[in-house]
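As stored in run.cif (mmCIF, C-alpha atoms):
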data_data
loop_
_atom_site.label_atom_id
_atom_site.label_comp_id
_atom_site.auth_asym_id
_atom_site.auth_seq_id
_atom_site.Cartn_x
_atom_site.Cartn_y
_atom_site.Cartn_z
CA MET J 1 -85.34 -93.91 16.83
CA GLN J 2 -87.80 -95.67 14.56
CA SER J 3 -86.92 -95.81 10.87
CA LYS J 4 -89.04 -93.97 8.34
CA PRO J 5 -91.17 -95.36 5.52
CA LEU J 6 -89.24 -95.89 2.31
CA ILE J 7 -90.56 -94.40 -0.93
CA LEU J 8 -89.14 -95.72 -4.19
CA CYS J 9 -89.54 -93.68 -7.38
CA PRO J 10 -88.21 -95.12 -10.66
CA LEU J 11 -87.74 -91.67 -12.23
CA GLU J 12 -85.98 -88.61 -10.86
CA ILE J 13 -88.97 -86.41 -11.70
CA GLU J 14 -91.07 -88.72 -9.53
CA ARG J 15 -88.49 -88.63 -6.73
CA ARG J 16 -88.53 -84.84 -6.65
CA ALA J 17 -92.32 -84.79 -6.50
CA ALA J 18 -92.40 -87.37 -3.72
CA ALA J 19 -89.71 -85.57 -1.71
CA ARG J 20 -91.67 -82.30 -1.86
CA THR J 21 -94.72 -84.07 -0.47
CA ALA J 22 -92.97 -86.32 2.04
CA ARG J 23 -90.70 -83.63 3.52
CA ASP J 24 -89.16 -85.31 6.60
CA ARG J 25 -91.80 -88.02 6.96
CA ALA J 26 -90.10 -90.62 4.73
CA ASP J 27 -86.88 -91.49 2.97
CA VAL J 28 -87.20 -91.12 -0.80
CA ILE J 29 -84.91 -92.81 -3.32
CA CYS J 30 -84.74 -93.12 -7.11
CA PRO J 31 -83.45 -96.56 -8.14
CA GLY J 32 -84.02 -95.98 -11.86
CA PRO J 33 -86.63 -97.46 -14.20
CA GLY J 34 -87.42 -101.09 -14.88
CA PRO J 35 -87.66 -104.35 -12.94
CA ASP J 36 -83.92 -104.98 -12.61
CA ARG J 37 -83.18 -101.58 -11.07
CA MET J 38 -86.13 -101.96 -8.70
CA ARG J 39 -85.01 -105.42 -7.63
CA ASP J 40 -81.46 -104.24 -6.92
CA ALA J 41 -82.70 -101.26 -4.92
CA LEU J 42 -84.97 -103.40 -2.78
CA LEU J 43 -82.27 -105.98 -2.09
CA ASN J 44 -79.96 -103.20 -0.88
CA SER J 45 -82.50 -101.26 1.20
CA ASP J 46 -82.70 -103.40 4.36
CA LEU J 47 -86.48 -103.55 3.95
CA SER J 48 -87.04 -105.51 7.14
CA SER J 49 -86.02 -102.45 9.19
CA ARG J 50 -88.70 -100.25 7.58
CA PRO J 51 -92.25 -99.76 8.87
CA CYS J 52 -93.47 -99.89 5.25
CA ALA J 53 -92.48 -99.24 1.63
CA ILE J 54 -94.28 -97.22 -1.05
CA LEU J 55 -93.82 -97.39 -4.82
CA TYR J 56 -94.66 -93.94 -6.17
CA GLY J 57 -94.90 -92.24 -9.54
CA VAL J 58 -96.89 -92.40 -12.77
CA ALA J 59 -98.28 -95.28 -14.81
CA GLY J 60 -100.16 -95.94 -18.02
CA GLY J 61 -103.92 -96.41 -17.99
CA LEU J 62 -105.41 -99.53 -19.56
CA ARG J 63 -108.96 -98.28 -19.16
CA HIS J 64 -110.57 -94.90 -18.61
CA THR J 65 -110.87 -94.12 -14.93
CA GLU J 66 -111.58 -91.03 -12.89
CA THR J 67 -110.68 -92.63 -9.58
CA SER J 68 -107.71 -91.71 -7.42
CA PRO J 69 -104.32 -93.33 -8.09
CA THR J 70 -104.67 -95.62 -5.08
CA ILE J 71 -103.71 -99.15 -6.07
CA ALA J 72 -104.88 -102.07 -3.96
CA ALA J 73 -103.45 -104.98 -5.93
CA VAL J 74 -100.65 -105.95 -8.30
CA VAL J 75 -100.87 -108.74 -10.87
CA ASP J 76 -98.49 -110.32 -13.33
CA GLU J 77 -99.14 -110.10 -17.07
CA ARG J 78 -101.66 -112.95 -17.25
CA ALA J 79 -103.12 -112.33 -13.79
CA GLN J 80 -101.89 -115.73 -12.65
CA ILE J 81 -100.32 -114.20 -9.54
CA LYS J 82 -101.86 -111.43 -7.45
CA TRP J 83 -100.38 -109.47 -4.59
CA THR J 84 -102.73 -107.41 -2.41
CA SER J 85 -101.58 -104.34 -0.53
CA PRO J 86 -101.91 -104.83 3.24
CA MET J 87 -102.15 -101.06 3.74
CA LEU J 88 -105.45 -100.46 1.93
CA PRO J 89 -109.02 -101.59 2.70
CA LYS J 90 -110.02 -104.67 0.74
CA GLY J 91 -112.23 -103.95 -2.23
CA GLU J 92 -110.95 -100.40 -2.68
CA GLY J 93 -108.45 -99.06 -5.18
CA LEU J 94 -107.24 -100.08 -8.61
CA THR J 95 -105.24 -103.02 -9.92
CA ILE J 96 -101.93 -102.58 -11.72
CA VAL J 97 -100.17 -105.08 -13.95
CA GLY J 98 -96.39 -105.15 -13.86
CA VAL J 99 -94.52 -105.97 -17.08
CA ASP J 100 -90.85 -106.02 -17.99
CA ASP J 101 -91.07 -103.54 -20.88
CA PRO J 102 -93.10 -100.32 -21.29
CA ALA J 103 -96.47 -100.48 -23.06
CA PHE J 104 -95.97 -97.88 -25.79
CA THR J 105 -98.84 -98.70 -28.16
CA ILE J 106 -102.63 -98.78 -28.02
CA GLU J 107 -102.50 -102.41 -29.14
CA ARG J 108 -100.16 -103.44 -26.32
CA LYS J 109 -102.32 -101.68 -23.74
CA ALA J 110 -105.43 -103.42 -25.10
CA GLU J 111 -103.61 -106.77 -24.97
CA LEU J 112 -102.62 -106.23 -21.34
CA LEU J 113 -106.17 -105.23 -20.41
CA ASN J 114 -107.47 -108.41 -22.01
CA LEU J 115 -104.85 -110.61 -20.37
CA SER J 116 -104.85 -109.13 -16.87
CA ASP J 117 -108.08 -107.13 -16.49
CA ALA J 118 -105.95 -104.53 -14.67
CA ASP J 119 -106.56 -100.78 -14.64
CA LEU J 120 -102.96 -99.58 -14.97
CA VAL J 121 -99.56 -100.79 -16.14
CA ASP J 122 -95.98 -100.14 -15.03
CA THR J 123 -92.61 -101.90 -15.15
CA GLU J 124 -91.78 -102.19 -11.44
CA SER J 125 -94.78 -103.19 -9.33
CA HIS J 126 -94.50 -106.94 -10.08
CA VAL J 127 -91.02 -106.84 -8.53
CA PHE J 128 -91.82 -104.41 -5.72
CA ALA J 129 -94.82 -106.23 -4.22
CA PRO J 130 -93.33 -109.73 -3.84
CA GLU J 131 -90.02 -108.39 -2.49
CA CYS J 132 -91.90 -106.45 0.20
CA ASP J 133 -93.98 -109.52 1.02
CA ALA J 134 -90.81 -111.57 1.31
CA ALA J 135 -89.41 -108.99 3.75
CA HIS J 136 -92.67 -109.12 5.74
CA ILE J 137 -93.33 -105.38 5.58
CA PRO J 138 -96.51 -103.55 4.55
CA TRP J 139 -96.45 -101.92 1.12
CA ALA J 140 -98.51 -99.65 -1.08
CA VAL J 141 -98.39 -98.53 -4.71
CA ILE J 142 -99.38 -94.97 -5.59
CA ARG J 143 -99.37 -94.26 -9.32
CA GLY J 144 -100.95 -91.29 -11.05
CA VAL J 145 -102.31 -91.98 -14.54
CA SER J 146 -100.08 -90.14 -17.02
CA ASP J 147 -101.43 -91.62 -20.26
CA GLY J 148 -104.66 -93.37 -21.12
CA PRO J 149 -105.52 -96.44 -23.21
CA GLU J 150 -105.76 -94.38 -26.40
CA THR J 151 -102.46 -92.54 -25.90
CA VAL J 152 -99.59 -93.67 -28.10
CA LEU J 153 -96.27 -93.18 -26.36
CA LEU J 154 -93.08 -92.48 -28.26
CA PRO J 155 -90.51 -95.31 -28.15
CA ILE J 156 -87.79 -92.70 -28.60
CA MET J 157 -88.70 -91.42 -25.13
CA GLY J 158 -87.24 -94.61 -23.73
CA THR J 159 -83.81 -93.24 -24.62
CA TRP J 160 -84.44 -89.93 -22.85
CA VAL J 161 -83.96 -91.36 -19.36
CA ASP J 162 -80.74 -92.93 -18.12
CA GLU J 163 -80.46 -96.03 -15.93
CA HIS J 164 -80.62 -93.85 -12.82
CA GLY J 165 -83.94 -92.31 -13.82
CA LYS J 166 -82.52 -88.93 -14.79
CA THR J 167 -83.60 -87.12 -17.95
CA ARG J 168 -80.97 -86.87 -20.68
CA THR J 169 -81.78 -83.23 -21.44
CA SER J 170 -79.26 -82.80 -24.23
CA ARG J 171 -80.59 -85.86 -26.04
CA VAL J 172 -84.18 -84.64 -25.66
CA MET J 173 -83.28 -81.25 -27.15
CA ARG J 174 -81.32 -82.87 -29.99
CA ASP J 175 -84.14 -85.24 -30.92
CA LEU J 176 -86.79 -82.52 -30.81
CA ALA J 177 -84.62 -80.29 -32.99
CA ARG J 178 -84.31 -83.10 -35.51
CA HIS J 179 -87.98 -84.05 -35.30
CA PRO J 180 -90.00 -80.90 -34.45
CA SER J 181 -93.24 -82.72 -35.30
CA LEU J 182 -92.79 -84.58 -31.99
CA ILE J 183 -93.05 -81.40 -29.91
CA PRO J 184 -96.88 -81.30 -29.58
CA ARG J 185 -97.00 -84.97 -28.55
CA VAL J 186 -94.19 -84.53 -26.04
CA ALA J 187 -95.93 -81.46 -24.60
CA GLU J 188 -99.15 -83.46 -24.24
CA ILE J 189 -97.39 -86.32 -22.47
CA GLY J 190 -95.55 -83.86 -20.22
CA SER J 191 -98.82 -82.22 -19.25
CA GLY J 192 -100.33 -85.60 -18.44
CA THR J 193 -97.33 -86.48 -16.29
CA ARG J 194 -97.64 -83.26 -14.28
CA ARG J 195 -101.35 -83.86 -13.66
CA ALA J 196 -100.66 -87.46 -12.67
CA LEU J 197 -97.98 -86.48 -10.16
CA ALA J 198 -100.22 -83.81 -8.63
CA SER J 199 -102.97 -86.39 -8.18
CA ALA J 200 -100.55 -88.93 -6.74
CA ALA J 201 -99.11 -86.33 -4.35
CA ARG J 202 -102.49 -85.84 -2.69
CA VAL J 203 -102.83 -89.55 -2.05
CA LEU J 204 -99.25 -89.81 -0.78
CA ASP J 205 -99.72 -86.89 1.60
CA ALA J 206 -102.85 -88.44 3.08
CA LEU J 207 -101.15 -91.82 3.51
CA LEU J 208 -98.04 -90.36 5.15
CA THR J 209 -100.21 -88.33 7.52
CA GLU J 210 -102.05 -91.49 8.52
CA LEU J 211 -98.79 -93.42 8.94
CA ALA J 212 -97.27 -90.67 11.08
CA ALA J 213 -100.22 -90.83 13.44
CA THR J 214 -100.02 -94.62 13.61
CA ILE J 215 -96.28 -94.62 14.32
CA ARG J 216 -96.68 -91.85 16.92
CA ASP J 217 -99.42 -93.76 18.75
CA ALA J 218 -97.59 -97.09 18.60
#

Before anything else, please render the file you have as structure tokens.
Amino acid sequence: MQSKPLILCPLEIERRAAARTARDRADVICPGPGPDRMRDALLNSDLSSRPCAILYGVAGGLRHTETSPTIAAVVDERAQIKWTSPMLPKGEGLTIVGVDDPAFTIERKAELLNLSDADLVDTESHVFAPECDAAHIPWAVIRGVSDGPETVLLPIMGTWVDEHGKTRTSRVMRDLARHPSLIPRVAEIGSGTRRALASAARVLDALLTELAATIRDA
């Protein structure tokens, strides 16, 4: 029996969204956020046995875009290294820059745009792409845009997710009770995340449908 595509989602909320879309067409795991957790997950996933791997979830926007969250290339912070997805037509899709720490501020997003000329930013793709290339398997990155270049994220939100990608609900409720002025901003970011995941789900569904047909005909 042929193995299924592997979908990696840094956050549990992303994993649940991917699992709803994938159903039985792929294996979905949540390694937790950040480059170190992604690297560990890939090294323990026996990638070479997989037909392909997909990095799925949300990302920050470095420029305004109305295009789909299909990402054709990954670059490092200064665009000195570029990895191109072998699963997407050349010349189509966005470029994402992978960095080790989240881009919380408008100034940091502007700096990354200037350095990399990428469309989006995350903290895992620069680990994901080269590890898949090293394992000689096709890969794709699907990231919905949860926040734009003019959206200021809250550094405190970095403490609301544990190393396994799960939300620390009690800490969220405690912090919002202490700082009720944060509630509108958190609601706005939450709404953006839901829209981003819905957009990403449509792209993931189409890709998995295509892959299923390819595997069936192989």

Restrict the calculation to only C-alpha atoms, then for each residue of segment 91-160 of chain J with any atom at most 9 Å from an atom of segment 194-199 of chain J give the closest atom pair and their distance in Å to one decimal, rows by chain and rising residue number, as CSV.
residue,atom,partner,partner_atom,distance
J:Arg143,CA,J:Ala196,CA,7.7
J:Gly144,CA,J:Ala196,CA,4.2
J:Val145,CA,J:Ala196,CA,5.2
J:Ser146,CA,J:Ala196,CA,5.1
J:Asp147,CA,J:Ala196,CA,8.7

Task: Å distance separating atom CA of Leu115 of chain J from atom CA of Trp83 of chain J, one decimal place - done: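 About the pair atom CA of Leu115 of chain J and atom CA of Trp83 of chain J: they are 16.4 Å apart.
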
Set the distance at 7 Å and use all atoms listed in the file: which residues neighbour segment 9-16 of chain J once local chain neighbours fewer than 5 positions away are removed? I'd like the list as an mmCIF file with C-alpha atoms, keeping the file's coordinate frame.
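Result file is around35.cif:
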data_model
loop_
_atom_site.group_PDB
_atom_site.id
_atom_site.type_symbol
_atom_site.label_atom_id
_atom_site.label_comp_id
_atom_site.auth_asym_id
_atom_site.auth_seq_id
_atom_site.Cartn_x
_atom_site.Cartn_y
_atom_site.Cartn_z
ATOM 1 C CA VAL J 28 -87.200 -91.120 -0.800
ATOM 2 C CA ILE J 29 -84.910 -92.810 -3.320
ATOM 3 C CA CYS J 30 -84.740 -93.120 -7.110
ATOM 4 C CA PRO J 31 -83.450 -96.560 -8.140
ATOM 5 C CA GLY J 32 -84.020 -95.980 -11.860
ATOM 6 C CA PRO J 33 -86.630 -97.460 -14.200
ATOM 7 C CA LEU J 55 -93.820 -97.390 -4.820
ATOM 8 C CA TYR J 56 -94.660 -93.940 -6.170
ATOM 9 C CA GLY J 57 -94.900 -92.240 -9.540
ATOM 10 C CA GLY J 165 -83.940 -92.310 -13.820
ATOM 11 C CA LYS J 166 -82.520 -88.930 -14.790
#

Task: Counting only C-alpha atoms, the residue of J:Val186, J:Ala79, J:Leu120, J:Ala212 that sits nearest Val152 of chain J - done: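 Closest residue, counting only C-alpha atoms: J:Val186.
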
Open item on the list: From the options J:Leu112, J:Ala22, J:Leu176, J:Leu47, which residue's atoms come nearest to Ala200 of chain J, counting only C-alpha atoms?
Closed with: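 Closest to Ala200 of chain J of all the choices is J:Ala22.
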
Task: Pick from J:Pro51, J:Gly93, J:Pro155, J:Pro184 nearest to Lys4 of chain J, counting all atoms listed in the file - done: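 Once distances to Lys4 of chain J are computed over all atoms listed in the file, the minimum belongs to J:Pro51.
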
Open item on the list: Here is a test: counting only C-alpha atoms, which residue of J:Pro138, J:Pro35, J:Gly190, J:Gly98 is nearest to Leu211 of chain J?
Closed with: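 Counting only C-alpha atoms, the residue closest to Leu211 of chain J is J:Pro138.
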
Task: Option closest in space to Thr70 of chain J, from J:Ile142, J:Leu6, J:Ile106, J:Ile183 [counting all atoms listed in the file] - done: J:Ile142

TODO: Might you spell out which residues the PyMOL selection byres ((chain J and resi 123-137) around 8) would select in the displayed file, as a ChimeraX atom specification?
DONE: /J:10,33-35,38-39,42,47-48,50-53,55,74-76,83,85,96-102,121-122,138-139,141

Distance table requested - segment 2-94 of chain J against segment 201-206 of chain J, cut-off 8 Å, all atoms listed in the file: one row per qualifying residue with the closest atom pair and its distance in Å to one decimal, ordered by chain and rising residue number, as a Markdown table.
| residue | atom | partner | partner_atom | distance |
| --- | --- | --- | --- | --- |
| J:Ala17 | CA | J:Ala201 | CA | 7.3 |
| J:Ala18 | CA | J:Ala201 | CA | 6.8 |
| J:Thr21 | CA | J:Asp205 | CA | 6.1 |
| J:Ala22 | CA | J:Asp205 | CA | 6.8 |
| J:Ser68 | CA | J:Val203 | CA | 7.6 |
| J:Pro69 | CA | J:Val203 | CA | 7.3 |
| J:Thr70 | CA | J:Val203 | CA | 7.0 |

TODO: Can you work out the spacing between atom CA of Val161 of chain J and atom CA of Asn114 of chain J in Å, to one decimal?
DONE: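 About the pair atom CA of Val161 of chain J and atom CA of Asn114 of chain J: they are 29.2 Å apart.
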
TODO: Quick one: pull the distance between atom CA of Leu94 of chain J and atom CA of Asp119 of chain J, Å, one decimal.
DONE: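 Between atom CA of Leu94 of chain J and atom CA of Asp119 of chain J the gap works out to 6.1 Å.
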
All residues 10 Å or closer to Glu150 of chain J, all atoms listed in the file, same chain fewer than 6 positions away omitted, as a PDB file with C-alpha atoms, in the frame of the given file:
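Okay, result.pdb is ready:
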ATOM      1  CA  GLY J  61    -103.920 -96.410 -17.990  1.00  0.00           C
ATOM      2  CA  LEU J  62    -105.410 -99.530 -19.560  1.00  0.00           C
ATOM      3  CA  ARG J  63    -108.960 -98.280 -19.160  1.00  0.00           C
ATOM      4  CA  HIS J  64    -110.570 -94.900 -18.610  1.00  0.00           C
ATOM      5  CA  THR J 105     -98.840 -98.700 -28.160  1.00  0.00           C
ATOM      6  CA  ILE J 106    -102.630 -98.780 -28.020  1.00  0.00           C
ATOM      7  CA  GLU J 107    -102.500-102.410 -29.140  1.00  0.00           C
ATOM      8  CA  LYS J 109    -102.320-101.680 -23.740  1.00  0.00           C
ATOM      9  CA  ALA J 110    -105.430-103.420 -25.100  1.00  0.00           C
TER      10      ALA J 110
END

Taking all listed atoms of segment 118-127 of chain J, build the axis-aligned box, pad each of the six sides by 4 Å, then write its centre and edge lengths in Å to one decimal as JSON.
{"center_x": -98.8, "center_y": -103.3, "center_z": -12.3, "size_x": 23.5, "size_y": 15.4, "size_z": 15.6}

Task: Which of J:Ala41, J:Thr214, J:Trp160, J:Leu207 sits closest to Leu88 of chain J [using only C-alpha atoms] - done: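 The answer is J:Leu207, which sits nearest to Leu88 of chain J.
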
Write segment 148-165 of chain J as a PDB file, in the coordinates of the input, completed to N, CA, C and O atoms.
ATOM      1  N   GLY J 148    -103.528 -92.467 -21.090  1.00  0.00           N
ATOM      2  CA  GLY J 148    -104.660 -93.370 -21.120  1.00  0.00           C
ATOM      3  C   GLY J 148    -104.543 -94.466 -22.161  1.00  0.00           C
ATOM      4  O   GLY J 148    -103.531 -94.571 -22.868  1.00  0.00           O
ATOM      5  N   PRO J 149    -105.568 -95.300 -22.282  1.00  0.00           N
ATOM      6  CA  PRO J 149    -105.520 -96.440 -23.210  1.00  0.00           C
ATOM      7  C   PRO J 149    -105.435 -96.043 -24.671  1.00  0.00           C
ATOM      8  O   PRO J 149    -105.017 -96.858 -25.503  1.00  0.00           O
ATOM      9  N   GLU J 150    -105.811 -94.818 -25.000  1.00  0.00           N
ATOM     10  CA  GLU J 150    -105.760 -94.380 -26.400  1.00  0.00           C
ATOM     11  C   GLU J 150    -104.567 -93.471 -26.685  1.00  0.00           C
ATOM     12  O   GLU J 150    -104.466 -92.886 -27.769  1.00  0.00           O
ATOM     13  N   THR J 151    -103.662 -93.363 -25.724  1.00  0.00           N
ATOM     14  CA  THR J 151    -102.460 -92.540 -25.900  1.00  0.00           C
ATOM     15  C   THR J 151    -101.313 -93.391 -26.415  1.00  0.00           C
ATOM     16  O   THR J 151    -100.959 -94.398 -25.803  1.00  0.00           O
ATOM     17  N   VAL J 152    -100.758 -92.982 -27.549  1.00  0.00           N
ATOM     18  CA  VAL J 152     -99.590 -93.670 -28.100  1.00  0.00           C
ATOM     19  C   VAL J 152     -98.339 -92.985 -27.567  1.00  0.00           C
ATOM     20  O   VAL J 152     -98.132 -91.791 -27.774  1.00  0.00           O
ATOM     21  N   LEU J 153     -97.522 -93.732 -26.860  1.00  0.00           N
ATOM     22  CA  LEU J 153     -96.270 -93.180 -26.360  1.00  0.00           C
ATOM     23  C   LEU J 153     -95.187 -93.288 -27.429  1.00  0.00           C
ATOM     24  O   LEU J 153     -95.309 -94.069 -28.378  1.00  0.00           O
ATOM     25  N   LEU J 154     -94.154 -92.520 -27.271  1.00  0.00           N
ATOM     26  CA  LEU J 154     -93.080 -92.480 -28.260  1.00  0.00           C
ATOM     27  C   LEU J 154     -91.927 -93.369 -27.812  1.00  0.00           C
ATOM     28  O   LEU J 154     -91.305 -93.098 -26.778  1.00  0.00           O
ATOM     29  N   PRO J 155     -91.630 -94.451 -28.552  1.00  0.00           N
ATOM     30  CA  PRO J 155     -90.510 -95.310 -28.150  1.00  0.00           C
ATOM     31  C   PRO J 155     -89.202 -94.559 -27.970  1.00  0.00           C
ATOM     32  O   PRO J 155     -88.385 -94.936 -27.133  1.00  0.00           O
ATOM     33  N   ILE J 156     -89.028 -93.474 -28.726  1.00  0.00           N
ATOM     34  CA  ILE J 156     -87.790 -92.700 -28.600  1.00  0.00           C
ATOM     35  C   ILE J 156     -87.630 -92.133 -27.184  1.00  0.00           C
ATOM     36  O   ILE J 156     -86.517 -91.899 -26.712  1.00  0.00           O
ATOM     37  N   MET J 157     -88.763 -91.959 -26.485  1.00  0.00           N
ATOM     38  CA  MET J 157     -88.700 -91.420 -25.130  1.00  0.00           C
ATOM     39  C   MET J 157     -87.994 -92.377 -24.176  1.00  0.00           C
ATOM     40  O   MET J 157     -87.517 -91.966 -23.129  1.00  0.00           O
ATOM     41  N   GLY J 158     -87.950 -93.650 -24.558  1.00  0.00           N
ATOM     42  CA  GLY J 158     -87.240 -94.610 -23.730  1.00  0.00           C
ATOM     43  C   GLY J 158     -85.748 -94.336 -23.648  1.00  0.00           C
ATOM     44  O   GLY J 158     -85.073 -94.788 -22.718  1.00  0.00           O
ATOM     45  N   THR J 159     -85.232 -93.581 -24.618  1.00  0.00           N
ATOM     46  CA  THR J 159     -83.810 -93.240 -24.620  1.00  0.00           C
ATOM     47  C   THR J 159     -83.541 -91.914 -23.913  1.00  0.00           C
ATOM     48  O   THR J 159     -82.380 -91.501 -23.808  1.00  0.00           O
ATOM     49  N   TRP J 160     -84.585 -91.247 -23.472  1.00  0.00           N
ATOM     50  CA  TRP J 160     -84.440 -89.930 -22.850  1.00  0.00           C
ATOM     51  C   TRP J 160     -84.194 -89.980 -21.349  1.00  0.00           C
ATOM     52  O   TRP J 160     -84.026 -88.948 -20.706  1.00  0.00           O
ATOM     53  N   VAL J 161     -84.205 -91.176 -20.791  1.00  0.00           N
ATOM     54  CA  VAL J 161     -83.960 -91.360 -19.360  1.00  0.00           C
ATOM     55  C   VAL J 161     -82.818 -92.345 -19.187  1.00  0.00           C
ATOM     56  O   VAL J 161     -82.797 -93.397 -19.835  1.00  0.00           O
ATOM     57  N   ASP J 162     -81.864 -92.015 -18.322  1.00  0.00           N
ATOM     58  CA  ASP J 162     -80.740 -92.930 -18.120  1.00  0.00           C
ATOM     59  C   ASP J 162     -81.102 -94.004 -17.099  1.00  0.00           C
ATOM     60  O   ASP J 162     -82.219 -94.036 -16.568  1.00  0.00           O
ATOM     61  N   GLU J 163     -80.175 -94.900 -16.821  1.00  0.00           N
ATOM     62  CA  GLU J 163     -80.460 -96.030 -15.930  1.00  0.00           C
ATOM     63  C   GLU J 163     -80.724 -95.607 -14.497  1.00  0.00           C
ATOM     64  O   GLU J 163     -81.259 -96.382 -13.703  1.00  0.00           O
ATOM     65  N   HIS J 164     -80.372 -94.364 -14.169  1.00  0.00           N
ATOM     66  CA  HIS J 164     -80.620 -93.850 -12.820  1.00  0.00           C
ATOM     67  C   HIS J 164     -81.914 -93.045 -12.736  1.00  0.00           C
ATOM     68  O   HIS J 164     -82.209 -92.454 -11.693  1.00  0.00           O
ATOM     69  N   GLY J 165     -82.664 -93.002 -13.830  1.00  0.00           N
ATOM     70  CA  GLY J 165     -83.940 -92.310 -13.820  1.00  0.00           C
ATOM     71  C   GLY J 165     -83.866 -90.835 -14.124  1.00  0.00           C
ATOM     72  O   GLY J 165     -84.871 -90.126 -14.030  1.00  0.00           O
TER      73      GLY J 165
END
